[in-house]
$ cat start.pdb   # PDB, C-alpha atoms, pLDDT in the B column
ATOM      1  CA  MET A  22     -29.836 -24.166   1.937  1.00 90.00           C
ATOM      2  CA  GLU A  23     -27.992 -23.790  -1.379  1.00 93.00           C
ATOM      3  CA  LEU A  24     -24.625 -22.085  -1.020  1.00 94.00           C
ATOM      4  CA  ASP A  25     -23.725 -21.771  -4.699  1.00 92.00           C
ATOM      5  CA  HIS A  26     -25.145 -18.261  -5.069  1.00 91.00           C
ATOM      6  CA  GLY A  27     -22.166 -16.286  -3.846  1.00 90.00           C
ATOM      7  CA  PRO A  28     -18.458 -16.341  -3.009  1.00 93.00           C
ATOM      8  CA  ARG A  29     -16.868 -18.606  -0.446  1.00 95.00           C
ATOM      9  CA  HIS A  30     -16.489 -16.014   2.315  1.00 95.00           C
ATOM     10  CA  GLU A  31     -20.156 -14.974   2.119  1.00 94.00           C
ATOM     11  CA  ALA A  32     -21.238 -18.607   2.070  1.00 95.00           C
ATOM     12  CA  LEU A  33     -19.250 -19.346   5.220  1.00 96.00           C
ATOM     13  CA  ALA A  34     -20.692 -16.265   6.932  1.00 96.00           C
ATOM     14  CA  LEU A  35     -24.192 -17.592   6.213  1.00 95.00           C
ATOM     15  CA  VAL A  36     -23.199 -20.997   7.567  1.00 96.00           C
ATOM     16  CA  GLU A  37     -22.070 -19.417  10.838  1.00 96.00           C
ATOM     17  CA  HIS A  38     -25.304 -17.428  11.079  1.00 95.00           C
ATOM     18  CA  LEU A  39     -27.709 -20.233  10.161  1.00 96.00           C
ATOM     19  CA  ALA A  40     -26.031 -23.511  11.168  1.00 95.00           C
ATOM     20  CA  SER A  41     -28.226 -23.993  14.234  1.00 94.00           C
ATOM     21  CA  SER A  42     -31.441 -23.588  12.193  1.00 93.00           C
ATOM     22  CA  VAL A  43     -30.664 -25.123   8.798  1.00 94.00           C
ATOM     23  CA  GLY A  44     -30.554 -28.904   8.450  1.00 92.00           C
ATOM     24  CA  MET A  45     -27.920 -29.014   5.712  1.00 96.00           C
ATOM     25  CA  PHE A  46     -26.029 -26.715   3.376  1.00 97.00           C
ATOM     26  CA  LYS A  47     -26.007 -27.806  -0.242  1.00 97.00           C
ATOM     27  CA  VAL A  48     -22.663 -27.468  -2.006  1.00 97.00           C
ATOM     28  CA  GLY A  49     -22.703 -27.839  -5.771  1.00 96.00           C
ATOM     29  CA  LYS A  50     -20.132 -27.877  -8.546  1.00 95.00           C
ATOM     30  CA  HIS A  51     -19.448 -24.140  -8.536  1.00 93.00           C
ATOM     31  CA  LEU A  52     -18.229 -23.806  -4.961  1.00 95.00           C
ATOM     32  CA  PHE A  53     -16.685 -27.272  -4.815  1.00 96.00           C
ATOM     33  CA  THR A  54     -14.658 -26.612  -7.974  1.00 95.00           C
ATOM     34  CA  GLN A  55     -13.655 -23.215  -6.636  1.00 93.00           C
ATOM     35  CA  SER A  56     -12.797 -24.224  -3.078  1.00 94.00           C
ATOM     36  CA  GLY A  57     -12.432 -28.004  -3.016  1.00 95.00           C
ATOM     37  CA  PRO A  58     -12.766 -30.401  -0.073  1.00 97.00           C
ATOM     38  CA  ASP A  59     -11.424 -27.802   2.372  1.00 97.00           C
ATOM     39  CA  PHE A  60     -14.649 -25.854   1.897  1.00 97.00           C
ATOM     40  CA  ILE A  61     -16.620 -28.864   3.146  1.00 98.00           C
ATOM     41  CA  ARG A  62     -14.321 -29.081   6.169  1.00 97.00           C
ATOM     42  CA  GLU A  63     -14.857 -25.370   6.886  1.00 97.00           C
ATOM     43  CA  ILE A  64     -18.623 -25.838   6.913  1.00 98.00           C
ATOM     44  CA  ARG A  65     -18.279 -28.804   9.254  1.00 97.00           C
ATOM     45  CA  ARG A  66     -15.992 -26.815  11.574  1.00 97.00           C
ATOM     46  CA  ARG A  67     -18.711 -24.173  11.832  1.00 96.00           C
ATOM     47  CA  GLY A  68     -21.275 -26.743  12.913  1.00 96.00           C
ATOM     48  CA  GLY A  69     -22.996 -27.159   9.541  1.00 97.00           C
ATOM     49  CA  GLU A  70     -24.015 -30.377   7.815  1.00 97.00           C
ATOM     50  CA  VAL A  71     -23.373 -30.782   4.082  1.00 98.00           C
ATOM     51  CA  PHE A  72     -25.397 -32.081   1.158  1.00 98.00           C
ATOM     52  CA  LEU A  73     -22.736 -32.601  -1.530  1.00 98.00           C
ATOM     53  CA  ASP A  74     -24.556 -32.088  -4.816  1.00 97.00           C
ATOM     54  CA  LEU A  75     -22.053 -33.275  -7.421  1.00 97.00           C
ATOM     55  CA  LYS A  76     -24.317 -35.845  -9.101  1.00 95.00           C
ATOM     56  CA  PHE A  77     -21.715 -38.597  -9.291  1.00 95.00           C
ATOM     57  CA  HIS A  78     -22.083 -40.631 -12.484  1.00 90.00           C
ATOM     58  CA  ASP A  79     -19.707 -42.875 -14.370  1.00 84.00           C
ATOM     59  CA  ALA A  80     -18.643 -46.497 -14.252  1.00 88.00           C
ATOM     60  CA  PRO A  81     -19.446 -47.999 -10.842  1.00 91.00           C
ATOM     61  CA  ARG A  82     -15.802 -48.179  -9.740  1.00 92.00           C
ATOM     62  CA  PHE A  83     -15.295 -44.438 -10.311  1.00 94.00           C
ATOM     63  CA  VAL A  84     -18.552 -43.487  -8.617  1.00 95.00           C
ATOM     64  CA  CYS A  85     -17.563 -45.643  -5.645  1.00 96.00           C
ATOM     65  CA  ARG A  86     -14.220 -43.879  -5.338  1.00 97.00           C
ATOM     66  CA  ALA A  87     -15.933 -40.491  -5.317  1.00 97.00           C
ATOM     67  CA  ALA A  88     -18.545 -41.725  -2.829  1.00 98.00           C
ATOM     68  CA  ILE A  89     -15.843 -43.020  -0.495  1.00 98.00           C
ATOM     69  CA  GLU A  90     -14.044 -39.670  -0.482  1.00 97.00           C
ATOM     70  CA  ALA A  91     -17.316 -37.828   0.134  1.00 98.00           C
ATOM     71  CA  THR A  92     -17.995 -40.131   3.075  1.00 98.00           C
ATOM     72  CA  ARG A  93     -14.540 -39.489   4.515  1.00 98.00           C
ATOM     73  CA  LEU A  94     -15.187 -35.751   4.244  1.00 97.00           C
ATOM     74  CA  GLY A  95     -18.098 -36.206   6.653  1.00 98.00           C
ATOM     75  CA  VAL A  96     -20.935 -35.057   4.396  1.00 98.00           C
ATOM     76  CA  LYS A  97     -24.417 -35.943   5.583  1.00 98.00           C
ATOM     77  CA  MET A  98     -25.800 -36.532   2.076  1.00 98.00           C
ATOM     78  CA  PHE A  99     -24.534 -36.867  -1.485  1.00 98.00           C
ATOM     79  CA  ASP A 100     -26.223 -37.637  -4.770  1.00 98.00           C
ATOM     80  CA  LEU A 101     -25.797 -39.940  -7.749  1.00 96.00           C
ATOM     81  CA  HIS A 102     -27.111 -39.427 -11.274  1.00 93.00           C
ATOM     82  CA  PRO A 103     -28.381 -42.734 -12.684  1.00 87.00           C
ATOM     83  CA  GLY A 104     -30.094 -41.302 -15.770  1.00 67.00           C
ATOM     84  CA  SER A 105     -27.158 -41.574 -18.192  1.00 55.00           C
ATOM     85  CA  SER A 106     -26.796 -45.364 -17.923  1.00 56.00           C
ATOM     86  CA  THR A 107     -28.845 -48.390 -18.838  1.00 62.00           C
ATOM     87  CA  ALA A 108     -31.303 -49.578 -16.226  1.00 63.00           C
ATOM     88  CA  GLY A 109     -29.089 -52.551 -15.359  1.00 69.00           C
ATOM     89  CA  SER A 110     -25.886 -50.568 -15.031  1.00 81.00           C
ATOM     90  CA  SER A 111     -27.675 -47.793 -13.117  1.00 88.00           C
ATOM     91  CA  THR A 112     -28.902 -50.318 -10.583  1.00 91.00           C
ATOM     92  CA  ALA A 113     -25.445 -51.907 -10.366  1.00 92.00           C
ATOM     93  CA  MET A 114     -23.829 -48.498  -9.845  1.00 94.00           C
ATOM     94  CA  MET A 115     -26.272 -47.550  -7.081  1.00 95.00           C
ATOM     95  CA  GLU A 116     -26.103 -50.916  -5.326  1.00 96.00           C
ATOM     96  CA  ARG A 117     -22.309 -51.094  -5.470  1.00 96.00           C
ATOM     97  CA  THR A 118     -21.978 -47.535  -4.165  1.00 97.00           C
ATOM     98  CA  ARG A 119     -24.284 -48.280  -1.247  1.00 97.00           C
ATOM     99  CA  LEU A 120     -22.414 -51.479  -0.377  1.00 97.00           C
ATOM    100  CA  GLU A 121     -18.970 -49.866  -0.619  1.00 97.00           C
ATOM    101  CA  VAL A 122     -20.022 -46.922   1.545  1.00 98.00           C
ATOM    102  CA  ASN A 123     -21.548 -49.283   4.125  1.00 98.00           C
ATOM    103  CA  LYS A 124     -18.341 -51.327   4.180  1.00 98.00           C
ATOM    104  CA  LEU A 125     -16.158 -48.225   4.571  1.00 98.00           C
ATOM    105  CA  CYS A 126     -18.248 -46.872   7.431  1.00 98.00           C
ATOM    106  CA  HIS A 127     -18.133 -50.209   9.224  1.00 98.00           C
ATOM    107  CA  CYS A 128     -14.377 -50.617   8.776  1.00 97.00           C
ATOM    108  CA  GLU A 129     -13.367 -47.038   9.614  1.00 97.00           C
ATOM    109  CA  GLY A 130     -16.091 -46.170  12.133  1.00 98.00           C
ATOM    110  CA  LEU A 131     -17.484 -43.356  10.006  1.00 98.00           C
ATOM    111  CA  ARG A 132     -20.977 -41.925   9.970  1.00 97.00           C
ATOM    112  CA  ARG A 133     -22.915 -43.266   7.017  1.00 98.00           C
ATOM    113  CA  PRO A 134     -24.195 -40.488   4.744  1.00 98.00           C
ATOM    114  CA  TYR A 135     -27.547 -40.524   3.005  1.00 98.00           C
ATOM    115  CA  ILE A 136     -27.201 -41.540  -0.648  1.00 98.00           C
ATOM    116  CA  VAL A 137     -29.845 -40.106  -2.972  1.00 98.00           C
ATOM    117  CA  ALA A 138     -30.487 -40.405  -6.710  1.00 96.00           C
ATOM    118  CA  VAL A 139     -31.293 -37.421  -8.902  1.00 95.00           C
ATOM    119  CA  THR A 140     -34.635 -37.829 -10.683  1.00 92.00           C
ATOM    120  CA  MET A 141     -35.401 -34.439 -12.207  1.00 82.00           C
ATOM    121  CA  LEU A 142     -37.129 -33.217 -15.352  1.00 62.00           C
ATOM    122  CA  THR A 143     -34.029 -31.171 -16.159  1.00 54.00           C
ATOM    123  CA  GLY A 144     -31.680 -33.229 -18.254  1.00 46.00           C
ATOM    124  CA  LEU A 145     -34.191 -35.932 -19.176  1.00 48.00           C
ATOM    125  CA  SER A 146     -34.372 -36.032 -22.939  1.00 45.00           C
ATOM    126  CA  GLY A 147     -36.833 -38.831 -23.439  1.00 45.00           C
ATOM    127  CA  GLN A 148     -33.942 -41.063 -24.522  1.00 48.00           C
ATOM    128  CA  ASP A 149     -32.314 -41.800 -21.174  1.00 49.00           C
ATOM    129  CA  ARG A 150     -31.250 -45.415 -21.188  1.00 50.00           C
ATOM    130  CA  ALA A 151     -32.066 -45.993 -17.523  1.00 52.00           C
ATOM    131  CA  CYS A 152     -35.735 -45.994 -18.441  1.00 54.00           C
ATOM    132  CA  ARG A 153     -37.779 -48.885 -19.688  1.00 52.00           C
ATOM    133  CA  PRO A 154     -39.473 -48.833 -23.121  1.00 53.00           C
ATOM    134  CA  GLU A 155     -42.822 -48.003 -21.524  1.00 53.00           C
ATOM    135  CA  CYS A 156     -41.497 -44.623 -20.318  1.00 56.00           C
ATOM    136  CA  VAL A 157     -43.315 -42.374 -22.781  1.00 63.00           C
ATOM    137  CA  SER A 158     -42.911 -39.083 -20.898  1.00 76.00           C
ATOM    138  CA  ALA A 159     -40.431 -37.310 -18.684  1.00 80.00           C
ATOM    139  CA  GLU A 160     -42.771 -37.915 -15.743  1.00 86.00           C
ATOM    140  CA  ASP A 161     -42.697 -41.656 -16.480  1.00 88.00           C
ATOM    141  CA  GLN A 162     -38.908 -41.503 -16.538  1.00 87.00           C
ATOM    142  CA  ILE A 163     -38.838 -39.797 -13.156  1.00 91.00           C
ATOM    143  CA  ALA A 164     -41.072 -42.486 -11.673  1.00 92.00           C
ATOM    144  CA  ALA A 165     -38.930 -45.233 -13.234  1.00 91.00           C
ATOM    145  CA  LEU A 166     -35.680 -43.735 -11.933  1.00 92.00           C
ATOM    146  CA  ALA A 167     -37.180 -43.301  -8.462  1.00 94.00           C
ATOM    147  CA  ARG A 168     -38.259 -46.946  -8.480  1.00 94.00           C
ATOM    148  CA  LEU A 169     -34.744 -48.017  -9.526  1.00 93.00           C
ATOM    149  CA  ALA A 170     -33.285 -46.043  -6.620  1.00 95.00           C
ATOM    150  CA  ALA A 171     -35.737 -47.629  -4.186  1.00 95.00           C
ATOM    151  CA  ASP A 172     -35.014 -51.109  -5.538  1.00 94.00           C
ATOM    152  CA  ALA A 173     -31.284 -50.448  -5.107  1.00 95.00           C
ATOM    153  CA  SER A 174     -32.004 -49.556  -1.447  1.00 95.00           C
ATOM    154  CA  LEU A 175     -30.758 -45.999  -1.740  1.00 97.00           C
ATOM    155  CA  ASP A 176     -31.916 -43.663   0.989  1.00 97.00           C
ATOM    156  CA  GLY A 177     -33.849 -41.335  -1.249  1.00 97.00           C
ATOM    157  CA  VAL A 178     -34.259 -39.280  -4.392  1.00 97.00           C
ATOM    158  CA  VAL A 179     -34.028 -35.649  -5.473  1.00 97.00           C
ATOM    159  CA  THR A 180     -36.978 -34.592  -7.596  1.00 95.00           C
ATOM    160  CA  SER A 181     -38.959 -31.520  -8.602  1.00 92.00           C
ATOM    161  CA  ALA A 182     -41.726 -30.325  -6.298  1.00 91.00           C
ATOM    162  CA  SER A 183     -44.381 -31.090  -8.901  1.00 91.00           C
ATOM    163  CA  GLN A 184     -43.346 -34.760  -8.945  1.00 94.00           C
ATOM    164  CA  VAL A 185     -43.166 -35.388  -5.188  1.00 95.00           C
ATOM    165  CA  SER A 186     -46.633 -36.908  -4.856  1.00 94.00           C
ATOM    166  CA  ARG A 187     -46.052 -39.233  -7.823  1.00 94.00           C
ATOM    167  CA  VAL A 188     -42.689 -40.403  -6.514  1.00 96.00           C
ATOM    168  CA  ARG A 189     -44.221 -40.977  -3.086  1.00 95.00           C
ATOM    169  CA  ALA A 190     -47.047 -42.998  -4.656  1.00 94.00           C
ATOM    170  CA  VAL A 191     -44.579 -45.109  -6.648  1.00 94.00           C
ATOM    171  CA  CYS A 192     -42.058 -45.698  -3.852  1.00 94.00           C
ATOM    172  CA  GLY A 193     -44.143 -45.408  -0.705  1.00 93.00           C
ATOM    173  CA  ARG A 194     -42.062 -44.806   2.400  1.00 90.00           C
ATOM    174  CA  ARG A 195     -39.094 -46.738   1.017  1.00 89.00           C
ATOM    175  CA  VAL A 196     -37.334 -43.498   0.101  1.00 95.00           C
ATOM    176  CA  MET A 197     -37.008 -40.020   1.494  1.00 96.00           C
ATOM    177  CA  ILE A 198     -37.664 -37.213  -0.962  1.00 97.00           C
ATOM    178  CA  VAL A 199     -35.564 -34.080  -1.389  1.00 97.00           C
ATOM    179  CA  THR A 200     -37.154 -31.312  -3.419  1.00 95.00           C
ATOM    180  CA  PHE A 201     -36.999 -27.610  -4.227  1.00 89.00           C
ATOM    181  CA  ALA A 202     -39.867 -25.440  -3.015  1.00 78.00           C
ATOM    182  CA  ALA A 203     -40.687 -21.761  -3.314  1.00 71.00           C
ATOM    183  CA  SER A 204     -39.560 -19.542  -0.457  1.00 58.00           C
ATOM    184  CA  THR A 205     -41.321 -16.557   1.069  1.00 54.00           C
ATOM    185  CA  GLU A 206     -39.631 -14.223  -1.403  1.00 57.00           C
ATOM    186  CA  ASP A 207     -41.052 -16.196  -4.329  1.00 55.00           C
ATOM    187  CA  GLY A 208     -44.581 -15.294  -3.243  1.00 52.00           C
ATOM    188  CA  TRP A 209     -46.157 -18.756  -3.281  1.00 46.00           C
ATOM    189  CA  HIS A 210     -49.262 -17.324  -1.567  1.00 50.00           C
ATOM    190  CA  GLU A 211     -50.017 -15.150  -4.633  1.00 46.00           C
ATOM    191  CA  GLN A 212     -49.029 -17.690  -7.291  1.00 50.00           C
ATOM    192  CA  PRO A 213     -51.238 -20.787  -7.448  1.00 50.00           C
ATOM    193  CA  ALA A 214     -48.752 -22.600  -9.704  1.00 57.00           C
ATOM    194  CA  CYS A 215     -45.912 -22.001  -7.222  1.00 72.00           C
ATOM    195  CA  ILE A 216     -45.380 -24.865  -4.762  1.00 84.00           C
ATOM    196  CA  GLY A 217     -44.599 -23.597  -1.285  1.00 87.00           C
ATOM    197  CA  PRO A 218     -43.095 -25.436   1.682  1.00 90.00           C
ATOM    198  CA  ALA A 219     -46.394 -26.528   3.234  1.00 91.00           C
ATOM    199  CA  GLN A 220     -47.690 -28.023  -0.012  1.00 91.00           C
ATOM    200  CA  ALA A 221     -44.368 -29.754  -0.746  1.00 92.00           C
ATOM    201  CA  VAL A 222     -44.393 -31.406   2.682  1.00 93.00           C
ATOM    202  CA  ARG A 223     -48.071 -32.352   2.328  1.00 92.00           C
ATOM    203  CA  SER A 224     -47.194 -34.042  -0.966  1.00 92.00           C
ATOM    204  CA  GLY A 225     -44.599 -36.200   0.796  1.00 94.00           C
ATOM    205  CA  ALA A 226     -41.309 -34.281   0.779  1.00 95.00           C
ATOM    206  CA  ASP A 227     -38.873 -34.879   3.644  1.00 94.00           C
ATOM    207  CA  TYR A 228     -36.220 -32.273   2.827  1.00 94.00           C
ATOM    208  CA  LEU A 229     -36.642 -28.889   1.114  1.00 94.00           C
ATOM    209  CA  VAL A 230     -33.905 -26.931  -0.621  1.00 93.00           C
ATOM    210  CA  VAL A 231     -34.070 -23.131  -0.545  1.00 88.00           C
ATOM    211  CA  GLY A 232     -31.398 -21.006  -2.142  1.00 81.00           C
ATOM    212  CA  LYS A 233     -31.156 -17.608  -3.769  1.00 81.00           C
ATOM    213  CA  PRO A 234     -33.895 -15.797  -1.774  1.00 82.00           C
ATOM    214  CA  LEU A 235     -31.967 -16.510   1.439  1.00 84.00           C
ATOM    215  CA  TRP A 236     -28.925 -14.786  -0.027  1.00 86.00           C
ATOM    216  CA  LYS A 237     -31.002 -11.722  -0.912  1.00 84.00           C
ATOM    217  CA  ALA A 238     -32.977 -11.580   2.342  1.00 88.00           C
ATOM    218  CA  ALA A 239     -32.351  -8.713   4.735  1.00 91.00           C
ATOM    219  CA  ASP A 240     -32.838 -11.189   7.600  1.00 94.00           C
ATOM    220  CA  PRO A 241     -32.010 -14.748   6.415  1.00 93.00           C
ATOM    221  CA  LEU A 242     -32.692 -16.272   9.834  1.00 94.00           C
ATOM    222  CA  ARG A 243     -36.194 -14.815   9.890  1.00 93.00           C
ATOM    223  CA  MET A 244     -36.866 -16.288   6.456  1.00 91.00           C
ATOM    224  CA  VAL A 245     -35.572 -19.704   7.547  1.00 92.00           C
ATOM    225  CA  ARG A 246     -37.930 -19.642  10.507  1.00 92.00           C
ATOM    226  CA  GLU A 247     -40.855 -18.697   8.288  1.00 91.00           C
ATOM    227  CA  VAL A 248     -40.122 -21.564   5.912  1.00 90.00           C
ATOM    228  CA  LEU A 249     -39.883 -23.953   8.863  1.00 91.00           C
ATOM    229  CA  ARG A 250     -43.257 -22.732  10.145  1.00 92.00           C
ATOM    230  CA  GLU A 251     -44.753 -23.425   6.732  1.00 91.00           C
ATOM    231  CA  MET A 252     -43.240 -26.895   6.728  1.00 91.00           C
ATOM    232  CA  ASP A 253     -44.707 -27.594  10.144  1.00 91.00           C
ATOM    233  CA  ARG A 254     -48.076 -26.432   8.836  1.00 90.00           C
ATOM    234  CA  GLY A 255     -47.710 -28.912   5.989  1.00 90.00           C
ATOM    235  CA  VAL A 256     -46.950 -31.707   8.455  1.00 88.00           C
ATOM    236  CA  ARG A 257     -49.995 -30.863  10.567  1.00 86.00           C
ATOM    237  CA  SER A 258     -52.341 -30.679   7.613  1.00 78.00           C
ATOM    238  CA  ALA A 259     -51.054 -33.781   5.831  1.00 75.00           C
ATOM    239  CA  GLN A 260     -53.736 -36.391   5.307  1.00 52.00           C
ATOM    240  CA  ARG A 261     -51.834 -39.283   6.847  1.00 48.00           C
ATOM    241  CA  GLY A 262     -52.744 -41.876   9.388  1.00 39.00           C
ATOM    242  CA  SER A 263     -49.889 -41.132  11.738  1.00 37.00           C
ATOM    243  CA  MET A 264     -47.048 -38.686  12.215  1.00 40.00           C
ATOM    244  CA  ALA A 265     -44.812 -41.742  12.614  1.00 39.00           C
ATOM    245  CA  LEU A 266     -44.866 -42.058   8.825  1.00 39.00           C
ATOM    246  CA  PHE A 267     -42.068 -39.467   8.779  1.00 38.00           C
ATOM    247  CA  SER A 268     -38.656 -41.064   9.150  1.00 41.00           C
ATOM    248  CA  GLU A 269     -37.542 -37.800  10.734  1.00 48.00           C
ATOM    249  CA  ARG A 270     -38.710 -34.223  10.941  1.00 44.00           C
ATOM    250  CA  PRO A 271     -38.662 -32.595   7.507  1.00 54.00           C
ATOM    251  CA  SER A 272     -35.758 -30.227   7.179  1.00 59.00           C
ATOM    252  CA  ILE A 273     -34.769 -27.146   5.260  1.00 58.00           C
ATOM    253  CA  ASN A 274     -31.528 -27.384   3.286  1.00 64.00           C
TER     254      ASN A 274
END

$ encode --input "start.pdb" --output "structure tokens"
Amino acid sequence: MELDHGPRHEALALVEHLASSVGMFKVGKHLFTQSGPDFIREIRRRGGEVFLDLKFHDAPRFVCRAAIEATRLGVKMFDLHPGSSTAGSSTAMMERTRLEVNKLCHCEGLRRPYIVAVTMLTGLSGQDRACRPECVSAEDQIAALARLAADASLDGVVTSASQVSRVRAVCGRRVMIVTFAASTEDGWHEQPACIGPAQAVRSGADYLVVGKPLWKAADPLRMVREVLREMDRGVRSAQRGSMALFSERPSIN
């Protein structure tokens, strides 16, 4: 669940209400800038897991420092943004971050967070240097970035719902996929172009992010349960050889 749609106190109230049903709470730049690392600790104290969505990007040594601090905060997942670098430096940044986080967790006995790369249409200009010359469209760039993340042995990628099936085809089960899907309030049943939870999971998504509608819902817990039912329906209807293909049960975030 996205928390960056309201003030800190309302966000923490939602965490207390939904922590037992929601897999992770996504904290972005707005709330993190406003409240800092203590906000992450408050979520953890209330039993919530955190997806820290700060899209770390810079020289590898700076990304590693940020990744280390995120790991020490106890987040379950954080993301990197490889799209602003050359393909070689993007791979080096992702690989070094993974290795440094693994080393830290081993040395300090910490839980290793999932590290995911952002591969979204938003922000891709057609000139991103992480892509190879054959990337002639934004969709090609997404596939190329996802492949770079998989080759760097990251845990997964964040991508748009419309690109989930393509990323899954390119990367297979090497990566988990985090995506954004329509919620019940978005009316996916009435809008063919709107990708709902069941379809997103059928396409290969492992984690779904739902945000603003949960803030506006009269009964957020009821909505969470409805989204989870839709996700389960997507799992059951997926055309796959075995349920064991899922690394873990898809989750709402």

$ atom_distance --input "start.pdb" --atom1 "atom CA of His38 of chain A" --atom2 "atom CA of Leu52 of chain A"
18.7 Å

$ residues_around --input "start.pdb" --residues "Phe77 of chain A" --least-positions-apart "6" --cutoff "6 Å" --atoms "only C-alpha atoms" --output "ChimeraX atom specification"
/A:84,101-102

$ residues_near_point --input "start.pdb" --point "(-32.7, -15.5, 3.7)" --cutoff "10 Å" --atoms "all atoms listed in the file" --output "JSON, numbers by chain"
{"A": [22, 35, 39, 204, 205, 206, 231, 232, 233, 234, 235, 236, 237, 238, 239, 240, 241, 242, 243, 244, 245, 246, 247, 248]}

$ resolve_selection --input "start.pdb" --expression "the PyMOL selection byres ((chain A and resi 58) around 12)" --output "VMD selection string"
chain A and resid 48 to 50 52 to 57 59 to 65 71 73 87 90 to 96

$ residues_around --input "start.pdb" --residues "Ile163 of chain A" --least-positions-apart "6" --cutoff "8 Å" --atoms "only C-alpha atoms" --output "count of residues only"
6

$ resolve_selection --input "start.pdb" --expression "the PyMOL selection byres ((chain A and resi 113) around 12)" --output "JSON, numbers by chain"
{"A": [78, 79, 80, 81, 82, 84, 85, 103, 106, 107, 108, 109, 110, 111, 112, 114, 115, 116, 117, 118, 119, 120, 121, 151, 169, 170, 172, 173, 174, 175]}

$ atom_distance --input "start.pdb" --atom1 "atom CA of Thr200 of chain A" --atom2 "atom CA of Ser181 of chain A"
5.5 Å

$ decode --input "start.pdb" --residues "segment 69-82 of chain A" --atoms "N, CA, C and O atoms" --output "mmCIF file, in the first residue's frame"
data_model
loop_
_atom_site.group_PDB
_atom_site.id
_atom_site.type_symbol
_atom_site.label_atom_id
_atom_site.label_comp_id
_atom_site.auth_asym_id
_atom_site.auth_seq_id
_atom_site.Cartn_x
_atom_site.Cartn_y
_atom_site.Cartn_z
ATOM 1 N N GLY A 69 4.381 -3.324 10.640
ATOM 2 C CA GLY A 69 4.344 -3.219 9.183
ATOM 3 C C GLY A 69 5.711 -3.435 8.559
ATOM 4 O O GLY A 69 6.747 -3.131 9.161
ATOM 5 N N GLU A 70 5.701 -3.960 7.332
ATOM 6 C CA GLU A 70 6.918 -4.063 6.531
ATOM 7 C C GLU A 70 6.959 -2.875 5.568
ATOM 8 O O GLU A 70 5.918 -2.314 5.203
ATOM 9 N N VAL A 71 8.171 -2.503 5.141
ATOM 10 C CA VAL A 71 8.341 -1.280 4.352
ATOM 11 C C VAL A 71 9.007 -1.559 3.008
ATOM 12 O O VAL A 71 10.027 -2.254 2.938
ATOM 13 N N PHE A 72 8.407 -0.995 1.959
ATOM 14 C CA PHE A 72 9.041 -0.890 0.652
ATOM 15 C C PHE A 72 9.490 0.559 0.535
ATOM 16 O O PHE A 72 8.676 1.467 0.386
ATOM 17 N N LEU A 73 10.794 0.806 0.625
ATOM 18 C CA LEU A 73 11.341 2.156 0.557
ATOM 19 C C LEU A 73 11.556 2.531 -0.905
ATOM 20 O O LEU A 73 12.481 2.040 -1.552
ATOM 21 N N ASP A 74 10.706 3.411 -1.388
ATOM 22 C CA ASP A 74 10.684 3.770 -2.809
ATOM 23 C C ASP A 74 11.358 5.120 -3.013
ATOM 24 O O ASP A 74 10.705 6.138 -3.232
ATOM 25 N N LEU A 75 12.680 5.126 -2.928
ATOM 26 C CA LEU A 75 13.453 6.357 -3.119
ATOM 27 C C LEU A 75 14.260 6.345 -4.407
ATOM 28 O O LEU A 75 14.938 7.311 -4.727
ATOM 29 N N LYS A 76 14.211 5.246 -5.130
ATOM 30 C CA LYS A 76 14.856 5.138 -6.450
ATOM 31 C C LYS A 76 16.315 5.607 -6.405
ATOM 32 O O LYS A 76 16.726 6.526 -7.118
ATOM 33 N N PHE A 77 17.107 4.951 -5.573
ATOM 34 C CA PHE A 77 18.504 5.325 -5.432
ATOM 35 C C PHE A 77 19.209 5.308 -6.788
ATOM 36 O O PHE A 77 19.120 4.335 -7.532
ATOM 37 N N HIS A 78 19.907 6.392 -7.106
ATOM 38 C CA HIS A 78 20.697 6.423 -8.340
ATOM 39 C C HIS A 78 21.814 7.453 -8.181
ATOM 40 O O HIS A 78 21.604 8.533 -7.656
ATOM 41 N N ASP A 79 22.974 7.059 -8.595
ATOM 42 C CA ASP A 79 24.151 7.932 -8.506
ATOM 43 C C ASP A 79 25.350 7.035 -8.791
ATOM 44 O O ASP A 79 25.201 5.908 -9.259
ATOM 45 N N ALA A 80 26.523 7.522 -8.469
ATOM 46 C CA ALA A 80 27.715 6.683 -8.558
ATOM 47 C C ALA A 80 27.547 5.492 -7.621
ATOM 48 O O ALA A 80 26.912 5.611 -6.565
ATOM 49 N N PRO A 81 28.091 4.338 -7.992
ATOM 50 C CA PRO A 81 27.893 3.138 -7.170
ATOM 51 C C PRO A 81 28.195 3.316 -5.691
ATOM 52 O O PRO A 81 27.476 2.799 -4.840
ATOM 53 N N ARG A 82 29.257 4.060 -5.348
ATOM 54 C CA ARG A 82 29.614 4.181 -3.933
ATOM 55 C C ARG A 82 28.541 4.915 -3.140
ATOM 56 O O ARG A 82 28.286 4.592 -1.962
#
